[in-house]
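Raw run.tsv, TSV, C-alpha atoms and all ligand atoms:
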chain	number	residue	atom	x	y	z
O	418	MET	CA	83.89	99.70	114.56
O	419	ALA	CA	83.67	96.80	117.01
O	420	ALA	CA	86.11	97.01	119.92
O	421	ASP	CA	88.08	93.93	118.81
O	422	GLU	CA	88.17	94.89	115.12
O	423	LYS	CA	91.69	95.55	113.75
O	424	HIS	CA	92.51	99.04	112.44
O	425	SER	CA	94.49	99.40	109.25
O	426	CYS	CA	97.78	101.20	109.72
O	427	TYR	CA	97.46	102.35	106.09
O	428	GLU	CA	95.27	105.35	106.86
O	429	GLY	CA	96.11	109.07	107.24
O	430	VAL	CA	99.77	110.12	107.33
O	431	TYR	CA	101.05	106.55	107.03
O	432	ALA	CA	99.00	105.86	103.86
O	433	SER	CA	100.43	108.98	102.19
O	434	SER	CA	103.96	108.09	103.40
O	435	PHE	CA	103.46	104.70	101.74
O	436	GLU	CA	102.68	106.36	98.40
O	437	PHE	CA	105.72	108.57	98.84
O	438	TYR	CA	107.81	105.50	99.65
O	439	LEU	CA	106.60	103.74	96.49
O	440	GLU	CA	107.68	106.73	94.40
O	441	LYS	CA	111.12	106.91	96.01
O	442	SER	CA	111.92	103.20	96.27
O	443	GLY	CA	111.15	101.99	92.74
O	444	GLU	CA	109.71	98.91	94.45
O	445	HIS	CA	106.75	98.44	92.10
O	446	LYS	CA	108.99	98.83	89.05
O	447	ALA	CA	111.34	96.10	90.34
O	448	MET	CA	108.46	93.75	91.19
O	449	LEU	CA	106.79	94.41	87.86
O	450	GLN	CA	109.91	93.61	85.85
O	451	HIS	CA	110.11	90.35	87.73
O	452	VAL	CA	106.46	89.27	87.53
O	453	GLN	CA	106.34	90.12	83.83
O	454	LYS	CA	109.12	87.54	83.35
O	455	ILE	CA	107.66	84.73	85.45
O	456	LEU	CA	103.88	85.16	85.29
O	457	PRO	CA	103.26	84.37	81.60
O	458	GLY	CA	104.60	80.81	82.11
O	459	GLU	CA	102.83	80.44	85.47
O	460	TYR	CA	99.54	81.66	83.97
O	461	GLN	CA	99.76	79.05	81.18
O	462	ARG	CA	100.17	76.28	83.77
O	463	ILE	CA	97.45	77.68	86.04
O	464	GLY	CA	94.94	78.30	83.23
O	465	ALA	CA	95.44	75.15	81.14
O	466	GLY	CA	92.04	73.57	80.40
O	467	LYS	CA	90.07	75.99	82.60
O	468	SER	CA	86.88	77.73	81.48
O	469	SER	CA	87.05	80.54	84.05
O	470	LEU	CA	89.81	82.02	86.21
O	471	ASP	CA	89.48	83.37	89.74
O	472	VAL	CA	92.09	85.59	91.37
O	473	LEU	CA	92.35	86.66	95.03
O	474	GLY	CA	94.47	89.66	96.08
O	475	VAL	CA	95.20	89.97	99.81
O	476	GLY	CA	96.48	93.34	101.12
O	477	SER	CA	96.45	94.79	97.60
O	478	GLY	CA	96.72	98.43	98.69
O	479	GLY	CA	96.04	100.84	95.81
O	480	GLY	CA	96.01	97.90	93.37
O	481	GLU	CA	98.88	99.05	91.14
O	482	MET	CA	100.45	95.57	91.03
O	483	ASP	CA	97.05	93.87	90.79
O	484	ALA	CA	96.10	96.00	87.77
O	485	HIS	CA	99.23	94.92	85.88
O	486	MET	CA	98.93	91.26	86.84
O	487	LEU	CA	95.22	91.09	85.98
O	488	SER	CA	95.76	92.84	82.64
O	489	LEU	CA	98.47	90.30	81.86
O	490	LEU	CA	96.14	87.44	82.78
O	491	GLN	CA	93.32	88.86	80.66
O	492	SER	CA	95.62	89.24	77.66
O	493	SER	CA	96.87	85.65	78.13
O	494	PHE	CA	93.28	84.33	78.13
O	495	PRO	CA	91.19	86.93	76.23
O	496	ALA	CA	88.12	84.69	75.89
O	497	ILE	CA	87.99	83.37	79.46
O	498	PRO	CA	85.90	85.11	82.14
O	499	ILE	CA	88.03	86.34	85.06
O	500	THR	CA	86.96	87.34	88.55
O	501	ALA	CA	89.07	89.24	91.10
O	502	ASP	CA	88.32	89.22	94.83
O	503	ILE	CA	90.22	91.81	96.84
O	504	VAL	CA	90.77	91.62	100.61
O	505	GLU	CA	92.15	94.95	101.86
O	506	GLY	CA	91.80	96.64	105.24
O	507	SER	CA	92.44	100.27	104.26
O	508	SER	CA	89.47	102.26	102.89
O	509	PRO	CA	91.58	105.06	101.30
O	510	LEU	CA	93.66	102.47	99.45
O	511	ILE	CA	90.57	100.51	98.28
O	512	ASP	CA	89.11	103.79	96.94
O	513	LYS	CA	92.32	104.38	95.05
O	514	PHE	CA	92.18	100.83	93.66
O	515	LYS	CA	88.56	101.30	92.50
O	516	ALA	CA	89.51	104.56	90.74
O	517	LEU	CA	92.37	102.75	89.02
O	518	VAL	CA	90.01	99.99	87.82
O	519	ALA	CA	87.56	102.59	86.48
O	520	LYS	CA	90.21	104.18	84.27
O	521	THR	CA	91.99	101.01	83.06
O	522	SER	CA	90.44	99.71	79.85
O	523	SER	CA	92.07	96.24	80.10
O	524	LEU	CA	90.25	95.60	83.41
O	525	GLN	CA	86.72	96.36	82.22
O	526	LYS	CA	85.72	92.72	81.57
O	527	ILE	CA	86.95	91.54	84.99
O	528	GLN	CA	84.33	91.16	87.69
O	529	PHE	CA	85.61	92.60	91.01
O	530	THR	CA	84.37	91.76	94.51
O	531	TRP	CA	85.66	94.04	97.26
O	532	HIS	CA	86.16	92.69	100.79
O	533	ILE	CA	87.01	95.80	102.80
O	534	MET	CA	88.38	93.99	105.82
O	535	HIS	CA	91.50	92.38	107.16
O	536	SER	CA	92.64	88.92	106.20
O	537	GLU	CA	91.67	87.55	109.63
O	538	GLU	CA	88.07	88.74	109.23
O	539	TYR	CA	87.86	87.36	105.69
O	540	GLU	CA	89.15	83.99	106.96
O	541	LYS	CA	86.52	83.99	109.72
O	542	GLN	CA	83.73	84.79	107.25
O	543	VAL	CA	84.83	82.17	104.73
O	544	LYS	CA	85.05	79.50	107.44
O	545	ALA	CA	81.61	80.44	108.78
O	546	LYS	CA	80.07	80.16	105.28
O	547	GLY	CA	79.55	76.67	103.90
O	548	ASP	CA	80.41	77.19	100.20
O	549	VAL	CA	83.99	78.30	99.88
O	550	LYS	CA	85.09	80.10	96.69
O	551	LYS	CA	88.39	78.68	95.44
O	552	PHE	CA	91.00	80.51	93.38
O	553	ASP	CA	93.49	79.84	90.59
O	554	PHE	CA	95.91	82.58	91.63
O	555	ILE	CA	96.24	84.17	95.08
O	556	HIS	CA	98.80	86.84	95.85
O	557	MET	CA	100.03	88.51	99.03
O	558	ILE	CA	102.44	91.29	98.12
O	559	GLN	CA	104.35	93.03	100.91
O	560	MET	CA	101.58	92.34	103.42
O	561	ILE	CA	102.39	89.17	105.34
O	562	TYR	CA	104.13	91.25	108.05
O	563	TYR	CA	100.70	92.30	109.28
O	564	VAL	CA	98.85	89.01	109.68
O	565	ASP	CA	98.34	87.68	113.20
O	566	ASN	CA	99.50	84.12	112.59
O	567	LEU	CA	101.86	83.30	109.73
O	568	ALA	CA	101.38	79.50	109.58
O	569	GLU	CA	97.59	79.65	109.96
O	570	THR	CA	97.33	82.34	107.28
O	571	ILE	CA	99.44	80.42	104.77
O	572	LYS	CA	97.53	77.20	105.52
O	573	PHE	CA	94.20	79.00	105.02
O	574	TYR	CA	95.07	80.66	101.67
O	575	HIS	CA	96.74	77.47	100.42
O	576	SER	CA	93.48	75.62	101.17
O	577	LEU	CA	91.66	78.06	98.85
O	578	LEU	CA	93.74	77.10	95.79
O	579	LYS	CA	92.15	75.20	92.92
O	580	SER	CA	94.06	72.42	91.16
O	581	ASN	CA	97.26	73.78	89.55
O	582	GLY	CA	96.71	77.06	91.45
O	583	ARG	CA	99.55	79.19	92.78
O	584	LEU	CA	99.94	81.33	95.91
O	585	MET	CA	102.46	84.11	95.27
O	586	ILE	CA	104.04	85.76	98.32
O	587	ILE	CA	106.33	88.76	97.84
O	588	ILE	CA	108.25	89.78	100.94
O	589	GLU	CA	111.50	91.46	101.98
O	590	ALA	CA	114.43	89.10	101.55
O	591	GLY	CA	116.27	87.58	104.50
O	592	ASN	CA	119.43	89.62	105.15
O	593	SER	CA	118.17	92.61	103.15
O	594	GLY	CA	118.42	96.10	104.68
O	595	TRP	CA	114.85	95.77	106.00
O	596	ASP	CA	115.59	92.45	107.65
O	597	ILE	CA	118.75	93.78	109.33
O	598	LEU	CA	117.06	97.00	110.52
O	599	TRP	CA	113.89	95.37	111.86
O	600	LYS	CA	115.60	92.42	113.50
O	601	THR	CA	118.31	94.55	115.14
O	602	TYR	CA	115.72	96.96	116.57
O	603	ASN	CA	112.97	94.38	116.95
O	604	LYS	CA	112.14	95.50	120.50
O	605	ASP	CA	111.78	99.18	119.50
O	606	LEU	CA	110.12	98.71	116.11
O	607	CYS	CA	107.70	95.81	116.64
O	608	THR	CA	105.48	97.76	119.01
O	609	CYS	CA	102.74	98.95	116.62
O	610	GLU	CA	100.97	97.10	113.78
O	611	VAL	CA	103.92	94.79	113.13
O	612	LYS	CA	104.21	92.66	116.27
O	613	GLU	CA	106.72	90.18	114.92
O	614	TYR	CA	108.99	91.03	111.99
O	615	ARG	CA	109.12	88.46	109.19
O	616	ALA	CA	111.24	88.27	106.08
O	617	SER	CA	111.56	85.51	103.46
O	618	THR	CA	113.54	83.35	105.92
O	619	GLU	CA	110.52	83.01	108.23
O	620	VAL	CA	108.10	82.36	105.34
O	621	LEU	CA	110.37	79.68	103.84
O	622	SER	CA	110.79	77.84	107.14
O	623	CYS	CA	107.02	77.98	107.63
O	624	LEU	CA	106.43	76.52	104.14
O	625	LYS	CA	108.94	73.75	104.87
O	626	SER	CA	107.27	72.88	108.16
O	627	LEU	CA	103.88	72.78	106.42
O	628	GLY	CA	105.39	70.47	103.77
O	629	LEU	CA	104.35	72.75	100.89
O	630	LYS	CA	106.07	72.81	97.51
O	631	TYR	CA	107.43	76.19	96.35
O	632	GLU	CA	110.03	78.04	94.29
O	633	GLU	CA	111.82	81.18	95.42
O	634	HIS	CA	113.01	84.00	93.12
O	635	SER	CA	115.07	87.00	94.16
O	636	ILE	CA	114.01	90.53	93.14
O	637	PRO	CA	117.02	92.82	93.54
O	638	ASN	CA	116.28	96.46	94.41
O	639	SER	CA	117.97	99.37	96.18
O	640	PHE	CA	117.14	103.03	96.60
O	641	ASP	CA	118.80	106.26	97.63
O	642	ILE	CA	118.30	107.11	101.33
O	643	THR	CA	121.00	109.81	101.54
O	644	GLU	CA	118.45	112.44	102.60
O	645	CYS	CA	117.52	110.40	105.69
O	646	PHE	CA	120.84	111.54	107.18
O	647	ASP	CA	120.04	115.25	106.77
O	648	PRO	CA	118.02	116.31	109.88
O	649	ASN	CA	116.55	119.26	107.93
O	650	SER	CA	115.28	117.20	105.01
O	651	VAL	CA	111.50	116.71	104.88
O	652	THR	CA	111.96	113.97	102.26
O	653	GLY	CA	114.46	112.17	104.50
O	654	GLU	CA	112.13	112.37	107.51
O	655	ARG	CA	109.17	110.96	105.53
O	656	LEU	CA	111.26	108.13	104.14
O	657	VAL	CA	112.85	107.07	107.43
O	658	SER	CA	109.44	107.36	109.15
O	659	PHE	CA	107.92	104.88	106.71
O	660	MET	CA	110.96	102.61	106.97
O	661	THR	CA	110.60	102.45	110.74
O	662	GLY	CA	106.81	102.07	110.62
O	663	ARG	CA	106.08	105.43	112.30
O	664	ASP	CA	104.26	108.62	111.36
O	665	HIS	CA	107.18	110.77	112.59
O	666	PHE	CA	110.62	109.24	113.16
O	667	HIS	CA	112.01	112.33	114.91
O	668	GLU	CA	109.09	112.64	117.32
O	669	PHE	CA	108.80	108.95	118.13
O	670	PHE	CA	112.34	107.83	118.94
O	671	THR	CA	114.88	109.28	121.39
O	672	PRO	CA	117.92	111.08	119.91
O	673	GLU	CA	120.18	108.17	120.96
O	674	LEU	CA	117.99	105.57	119.28
O	675	ARG	CA	117.65	107.67	116.12
O	676	ALA	CA	121.42	108.06	115.92
O	677	SER	CA	122.08	104.35	116.33
O	678	MET	CA	119.37	103.36	113.82
O	679	LEU	CA	120.77	105.82	111.28
O	680	GLU	CA	124.26	104.45	111.85
O	681	LEU	CA	123.02	100.90	111.22
O	682	LEU	CA	121.11	102.05	108.13
O	683	ARG	CA	124.27	103.59	106.71
O	684	THR	CA	126.78	100.90	107.62
O	685	LYS	CA	124.95	97.55	107.61
O	686	CYS	CA	121.82	98.00	105.49
O	687	SER	CA	123.21	99.99	102.58
O	688	THR	CA	126.08	100.44	100.17
O	689	LEU	CA	127.84	103.73	99.47
O	690	LYS	CA	128.25	104.92	95.90
O	691	ASP	CA	129.45	108.34	94.67
O	692	GLY	CA	128.77	109.85	98.11
O	693	LYS	CA	125.21	108.50	98.19
O	694	VAL	CA	123.72	105.83	100.46
O	695	PHE	CA	121.76	103.05	98.72
O	696	PHE	CA	119.53	100.94	100.95
O	697	ASP	CA	119.33	97.23	100.08
O	698	SER	CA	115.63	96.50	99.58
O	699	THR	CA	115.97	93.13	97.84
O	700	LEU	CA	112.68	91.24	97.79
O	701	SER	CA	111.83	87.59	97.54
O	702	CYS	CA	109.03	86.19	95.40
O	703	ILE	CA	107.82	82.79	96.59
O	704	MET	CA	105.51	80.71	94.40
O	705	VAL	CA	103.66	78.11	96.43
O	706	HIS	CA	102.05	75.20	94.56
O	707	ALA	CA	98.50	73.97	95.20
V	1	LIG	C1	103.03	97.55	102.22
V	1	LIG	S1	101.34	97.66	101.76
V	1	LIG	C2	101.38	96.71	100.24
V	1	LIG	C3	100.26	97.07	99.30
V	1	LIG	C4	100.36	96.41	97.93
V	1	LIG	N1	100.29	94.97	98.01
V	1	LIG	C5	101.60	96.86	97.23
V	1	LIG	O1	102.57	96.10	97.17
V	1	LIG	O2	101.61	98.00	96.74
V	1	LIG	C6	100.49	96.57	102.89
V	1	LIG	C7	99.03	96.46	102.62
V	1	LIG	O3	98.45	95.45	103.44
V	1	LIG	C8	97.24	95.93	104.00
V	1	LIG	N2	97.01	95.18	105.25
V	1	LIG	C9	97.63	95.36	106.44
V	1	LIG	N3	97.20	94.43	107.33
V	1	LIG	C10	96.33	93.63	106.66
V	1	LIG	C11	95.57	92.49	107.02
V	1	LIG	N4	95.65	91.96	108.26
V	1	LIG	N5	94.75	91.95	106.09
V	1	LIG	C12	94.68	92.47	104.84
V	1	LIG	N6	95.38	93.55	104.44
V	1	LIG	C13	96.20	94.13	105.33
V	1	LIG	C14	97.47	97.42	104.19
V	1	LIG	O4	96.27	98.15	104.33
V	1	LIG	C15	98.26	97.74	102.93
V	1	LIG	O5	97.43	98.04	101.86
Produce structure tokens that represent the structure in this file.
Amino acid sequence: MAADEKHSCYEGVYASSFEFYLEKSGEHKAMLQHVQKILPGEYQRIGAGKSSLDVLGVGSGGGEMDAHMLSLLQSSFPAIPITADIVEGSSPLIDKFKALVAKTSSLQKIQFTWHIMHSEEYEKQVKAKGDVKKFDFIHMIQMIYYVDNLAETIKFYHSLLKSNGRLMIIIEAGNSGWDILWKTYNKDLCTCEVKEYRASTEVLSCLKSLGLKYEEHSIPNSFDITECFDPNSVTGERLVSFMTGRDHFHEFFTPELRASMLELLRTKCSTLKDGKVFFDSTLSCIMVHA
């Protein structure tokens, strides 16, 4: 790996904590319920009069959301050839995605191109090449926290949209539990891969300053984090480690910092119900027009 090449944080312990987080949080289920409602209409607008459809997934991870969205697109346009380009920096997650494609019958007609690299490298390569491939649907799901420059990244992917295309960004909502936790402890948390925390508020103000047209939809979600408050719980430790972007919460932060983060998690980021603590993980889905 070249000295200036970015590492993916989604390797090793953190990649498996992410899978564990997905299981515990119900995040994919909430997103799926939402996209199944809005995408059929969007796909009809995007695909009207087109003889082929090209999709770009950026930071797709293990591809669970991609697989559902591509299957839905294929069933909306059964006779139209579809291509899917995937830009993803984590090799273990790309391998998982490829295995998912291999066993999903509704994806067999789709032609995949894998770009195992970060968004910044992909952008550099596309700009260096003369003929730029354009896309009908581009999505960035829960990944925009990691890009170096928010405005430049949005401008770049927006420039890759074909006529009537849509760029879909899913991100944690402004004022959600994530937003409150990461902005309150910005100085302590934004020291690794995430250098500058962003929620929907930052993305929306960026879209406004770029003069782009968009719609925003809320995706409500919450999940039980009660075990995070039990110092002997392995589940709690894994969950709070992922939520604070660390491999090991208890090893990384001082006892004072852990106590104050846990207090904030309980009192400001969550609601209490039947003795359990439910973390507010509301998401925002932003559809940007070509
Ligand atoms: C929170 S995960 C979301 C994965 C997937 N979209 C999902 O919702 O399940 C973030 C993903 O972004 C990828 N990633 C991080 N930085 C990236 C970058 N600069 N360019 C492209 N992908 C990146 C990670 O490897 C990881 O797969």
Coordinates-based distance that separates atom CA of His665 of chain O from atom CA of Ser698 of chain O (Å, one decimal): 21.1 Å
Closest of O:Ala496, O:Leu598, O:Ala484, O:Val543 to ligand LIG 1 (chain V) - atom-to-atom distances counting all atoms listed in the file: O:Ala484
List every residue of chain O that has an atom at most 9 Å from any atom of ligand LIG 1 (chain V), and for each one report the closest atom pair and its distance in Å to one decimal, counting only C-alpha atoms and all ligand atoms, with rows sorted by chain and then by increasing residue number, as JSON lines.
{"residue": "O:Lys423", "atom": "CA", "partner": "V:LIG1", "partner_atom": "N4", "distance": 7.7}
{"residue": "O:His424", "atom": "CA", "partner": "V:LIG1", "partner_atom": "N3", "distance": 8.3}
{"residue": "O:Ser425", "atom": "CA", "partner": "V:LIG1", "partner_atom": "O4", "distance": 5.4}
{"residue": "O:Cys426", "atom": "CA", "partner": "V:LIG1", "partner_atom": "O4", "distance": 6.4}
{"residue": "O:Tyr427", "atom": "CA", "partner": "V:LIG1", "partner_atom": "O4", "distance": 4.7}
{"residue": "O:Glu428", "atom": "CA", "partner": "V:LIG1", "partner_atom": "O4", "distance": 7.7}
{"residue": "O:Ala432", "atom": "CA", "partner": "V:LIG1", "partner_atom": "O4", "distance": 8.2}
{"residue": "O:Phe435", "atom": "CA", "partner": "V:LIG1", "partner_atom": "C1", "distance": 7.2}
{"residue": "O:Glu436", "atom": "CA", "partner": "V:LIG1", "partner_atom": "O2", "distance": 8.6}
{"residue": "O:Leu439", "atom": "CA", "partner": "V:LIG1", "partner_atom": "O2", "distance": 7.6}
{"residue": "O:Glu444", "atom": "CA", "partner": "V:LIG1", "partner_atom": "O1", "distance": 8.1}
{"residue": "O:His445", "atom": "CA", "partner": "V:LIG1", "partner_atom": "O2", "distance": 6.9}
{"residue": "O:Met448", "atom": "CA", "partner": "V:LIG1", "partner_atom": "O1", "distance": 8.7}
{"residue": "O:Gly474", "atom": "CA", "partner": "V:LIG1", "partner_atom": "N1", "distance": 8.1}
{"residue": "O:Val475", "atom": "CA", "partner": "V:LIG1", "partner_atom": "C12", "distance": 5.6}
{"residue": "O:Gly476", "atom": "CA", "partner": "V:LIG1", "partner_atom": "N6", "distance": 3.5}
{"residue": "O:Ser477", "atom": "CA", "partner": "V:LIG1", "partner_atom": "N1", "distance": 3.9}
{"residue": "O:Gly478", "atom": "CA", "partner": "V:LIG1", "partner_atom": "O5", "distance": 3.3}
{"residue": "O:Gly479", "atom": "CA", "partner": "V:LIG1", "partner_atom": "O2", "distance": 6.3}
{"residue": "O:Gly480", "atom": "CA", "partner": "V:LIG1", "partner_atom": "C4", "distance": 6.5}
{"residue": "O:Glu481", "atom": "CA", "partner": "V:LIG1", "partner_atom": "O2", "distance": 6.3}
{"residue": "O:Met482", "atom": "CA", "partner": "V:LIG1", "partner_atom": "O2", "distance": 6.3}
{"residue": "O:Asp483", "atom": "CA", "partner": "V:LIG1", "partner_atom": "N1", "distance": 8.0}
{"residue": "O:Val504", "atom": "CA", "partner": "V:LIG1", "partner_atom": "C12", "distance": 5.8}
{"residue": "O:Glu505", "atom": "CA", "partner": "V:LIG1", "partner_atom": "N6", "distance": 4.4}
{"residue": "O:Gly506", "atom": "CA", "partner": "V:LIG1", "partner_atom": "N6", "distance": 4.8}
{"residue": "O:Ser507", "atom": "CA", "partner": "V:LIG1", "partner_atom": "O4", "distance": 4.4}
{"residue": "O:Ser508", "atom": "CA", "partner": "V:LIG1", "partner_atom": "O4", "distance": 8.1}
{"residue": "O:Pro509", "atom": "CA", "partner": "V:LIG1", "partner_atom": "O4", "distance": 8.9}
{"residue": "O:Leu510", "atom": "CA", "partner": "V:LIG1", "partner_atom": "O5", "distance": 6.3}
{"residue": "O:Ile511", "atom": "CA", "partner": "V:LIG1", "partner_atom": "O5", "distance": 8.1}
{"residue": "O:Ile533", "atom": "CA", "partner": "V:LIG1", "partner_atom": "C12", "distance": 8.6}
{"residue": "O:Met534", "atom": "CA", "partner": "V:LIG1", "partner_atom": "C12", "distance": 6.6}
{"residue": "O:His535", "atom": "CA", "partner": "V:LIG1", "partner_atom": "N5", "distance": 3.4}
{"residue": "O:Ser536", "atom": "CA", "partner": "V:LIG1", "partner_atom": "N5", "distance": 3.7}
{"residue": "O:Glu537", "atom": "CA", "partner": "V:LIG1", "partner_atom": "N4", "distance": 6.1}
{"residue": "O:Glu538", "atom": "CA", "partner": "V:LIG1", "partner_atom": "N5", "distance": 8.0}
{"residue": "O:Tyr539", "atom": "CA", "partner": "V:LIG1", "partner_atom": "N5", "distance": 8.3}
{"residue": "O:His556", "atom": "CA", "partner": "V:LIG1", "partner_atom": "N1", "distance": 8.5}
{"residue": "O:Met557", "atom": "CA", "partner": "V:LIG1", "partner_atom": "N1", "distance": 6.5}
{"residue": "O:Ile558", "atom": "CA", "partner": "V:LIG1", "partner_atom": "N1", "distance": 4.3}
{"residue": "O:Gln559", "atom": "CA", "partner": "V:LIG1", "partner_atom": "C2", "distance": 4.8}
{"residue": "O:Met560", "atom": "CA", "partner": "V:LIG1", "partner_atom": "C6", "distance": 4.4}
{"residue": "O:Ile561", "atom": "CA", "partner": "V:LIG1", "partner_atom": "C10", "distance": 7.6}
{"residue": "O:Tyr562", "atom": "CA", "partner": "V:LIG1", "partner_atom": "N3", "distance": 7.7}
{"residue": "O:Tyr563", "atom": "CA", "partner": "V:LIG1", "partner_atom": "N3", "distance": 4.5}
{"residue": "O:Val564", "atom": "CA", "partner": "V:LIG1", "partner_atom": "N4", "distance": 4.6}
{"residue": "O:Asp565", "atom": "CA", "partner": "V:LIG1", "partner_atom": "N4", "distance": 7.1}
{"residue": "O:Ile587", "atom": "CA", "partner": "V:LIG1", "partner_atom": "O1", "distance": 8.3}
{"residue": "O:Glu610", "atom": "CA", "partner": "V:LIG1", "partner_atom": "N3", "distance": 7.9}
{"residue": "O:Val611", "atom": "CA", "partner": "V:LIG1", "partner_atom": "N3", "distance": 8.9}
For segment 616-627 of chain O, what centre and edge lengths in Å (one decimal) does the axis-aligned box get once 5 Å is added on each side of all its listed atoms, as lines of an AutoDock Vina configuration file?
center_x = 108.7
center_y = 80.5
center_z = 105.8
size_x = 19.7
size_y = 25.5
size_z = 14.8
Please, which residues in segment 505-593 of chain O fall within 7 Å of segment 452-466 of chain O when counting only C-alpha atoms, and what is the closest atom pair and distance in Å to one decimal for each, ordered by chain then residue number, as a tab-separated table?
residue	atom	partner	partner_atom	distance
O:Asp553	CA	O:Ile463	CA	6.4
O:Asn581	CA	O:Ile463	CA	5.3
O:Gly582	CA	O:Ile463	CA	5.5
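Residue nearest Lys551 of chain O, chosen from O:Ala501, O:Leu621, O:Ala707, O:Leu578 and counting only C-alpha atoms: O:Leu578.
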What separation in Å, quoted to one decimal, exists between atom CA of Ser493 of chain O and atom CA of Ser580 of chain O? 18.8 Å
So which one's closest to Ile586 of chain O, O:Gln525, O:Thr601, O:Thr671, O:Ser701? Using only C-alpha atoms, please. O:Ser701
Kindly indicate which residue among O:Ser488, O:Ser433, O:Ser617, O:Ser469 lies nearest to Glu633 of chain O, using only C-alpha atoms for the distances.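 Selected residue with least distance to Glu633 of chain O: O:Ser617.
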May I ask which of the residues O:Asn603, O:Ser635, O:Ser442, O:Ser626 is the closest one to Phe695 of chain O, counting only C-alpha atoms? O:Ser442
Spatial neighbours of Met678 of chain O, 12 Å, all atoms listed in the file, chain gap at least 2 places, as a PyMOL selection string: chain O and resi 594-595+597-603+605-606+645-646+657-658+660-661+666-667+670-676+680-686
Writer output for current selection, C-alpha atoms, as a PDB file, in the coordinates of the input:
ATOM      1  CA  GLY O 594     118.420  96.100 104.680  1.00  0.00           C
ATOM      2  CA  TRP O 595     114.850  95.770 106.000  1.00  0.00           C
ATOM      3  CA  ILE O 597     118.750  93.780 109.330  1.00  0.00           C
ATOM      4  CA  LEU O 598     117.060  97.000 110.520  1.00  0.00           C
ATOM      5  CA  TRP O 599     113.890  95.370 111.860  1.00  0.00           C
ATOM      6  CA  LYS O 600     115.600  92.420 113.500  1.00  0.00           C
ATOM      7  CA  THR O 601     118.310  94.550 115.140  1.00  0.00           C
ATOM      8  CA  TYR O 602     115.720  96.960 116.570  1.00  0.00           C
ATOM      9  CA  ASN O 603     112.970  94.380 116.950  1.00  0.00           C
ATOM     10  CA  ASP O 605     111.780  99.180 119.500  1.00  0.00           C
ATOM     11  CA  LEU O 606     110.120  98.710 116.110  1.00  0.00           C
ATOM     12  CA  CYS O 645     117.520 110.400 105.690  1.00  0.00           C
ATOM     13  CA  PHE O 646     120.840 111.540 107.180  1.00  0.00           C
ATOM     14  CA  VAL O 657     112.850 107.070 107.430  1.00  0.00           C
ATOM     15  CA  SER O 658     109.440 107.360 109.150  1.00  0.00           C
ATOM     16  CA  MET O 660     110.960 102.610 106.970  1.00  0.00           C
ATOM     17  CA  THR O 661     110.600 102.450 110.740  1.00  0.00           C
ATOM     18  CA  PHE O 666     110.620 109.240 113.160  1.00  0.00           C
ATOM     19  CA  HIS O 667     112.010 112.330 114.910  1.00  0.00           C
ATOM     20  CA  PHE O 670     112.340 107.830 118.940  1.00  0.00           C
ATOM     21  CA  THR O 671     114.880 109.280 121.390  1.00  0.00           C
ATOM     22  CA  PRO O 672     117.920 111.080 119.910  1.00  0.00           C
ATOM     23  CA  GLU O 673     120.180 108.170 120.960  1.00  0.00           C
ATOM     24  CA  LEU O 674     117.990 105.570 119.280  1.00  0.00           C
ATOM     25  CA  ARG O 675     117.650 107.670 116.120  1.00  0.00           C
ATOM     26  CA  ALA O 676     121.420 108.060 115.920  1.00  0.00           C
ATOM     27  CA  GLU O 680     124.260 104.450 111.850  1.00  0.00           C
ATOM     28  CA  LEU O 681     123.020 100.900 111.220  1.00  0.00           C
ATOM     29  CA  LEU O 682     121.110 102.050 108.130  1.00  0.00           C
ATOM     30  CA  ARG O 683     124.270 103.590 106.710  1.00  0.00           C
ATOM     31  CA  THR O 684     126.780 100.900 107.620  1.00  0.00           C
ATOM     32  CA  LYS O 685     124.950  97.550 107.610  1.00  0.00           C
ATOM     33  CA  CYS O 686     121.820  98.000 105.490  1.00  0.00           C
TER      34      CYS O 686
END
Give me, please, the distance in Å between atom CA of Val472 of chain O and atom CA of Met486 of chain O, quoted to one decimal.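 Those two atoms sit 10.0 Å apart.
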Since fewer atoms than expected are present, regenerate N, CA and C atoms for segment 545-552 of chain O and write them as a compact mmCIF listing (two decimals), in the frame of the given file.
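Generated file (rebuild16.txt):
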# COMPACT_ATOMS: atom_id res chain seq x y z
N ALA O 545 82.98 80.50 108.25
CA ALA O 545 81.61 80.44 108.78
C ALA O 545 80.61 80.07 107.67
N LYS O 546 80.96 80.44 106.42
CA LYS O 546 80.07 80.16 105.28
C LYS O 546 80.36 78.75 104.80
N GLY O 547 79.31 78.04 104.36
CA GLY O 547 79.55 76.67 103.90
C GLY O 547 80.30 76.61 102.57
N ASP O 548 79.82 77.35 101.54
CA ASP O 548 80.41 77.19 100.20
C ASP O 548 81.60 78.14 100.02
N VAL O 549 82.76 77.52 99.92
CA VAL O 549 83.99 78.30 99.88
C VAL O 549 84.39 78.54 98.42
N LYS O 550 84.61 79.81 98.05
CA LYS O 550 85.09 80.10 96.69
C LYS O 550 86.58 79.78 96.63
N LYS O 551 86.97 79.03 95.59
CA LYS O 551 88.39 78.68 95.44
C LYS O 551 89.01 79.51 94.31
N PHE O 552 90.32 79.60 94.30
CA PHE O 552 91.00 80.51 93.38
C PHE O 552 92.14 79.82 92.62
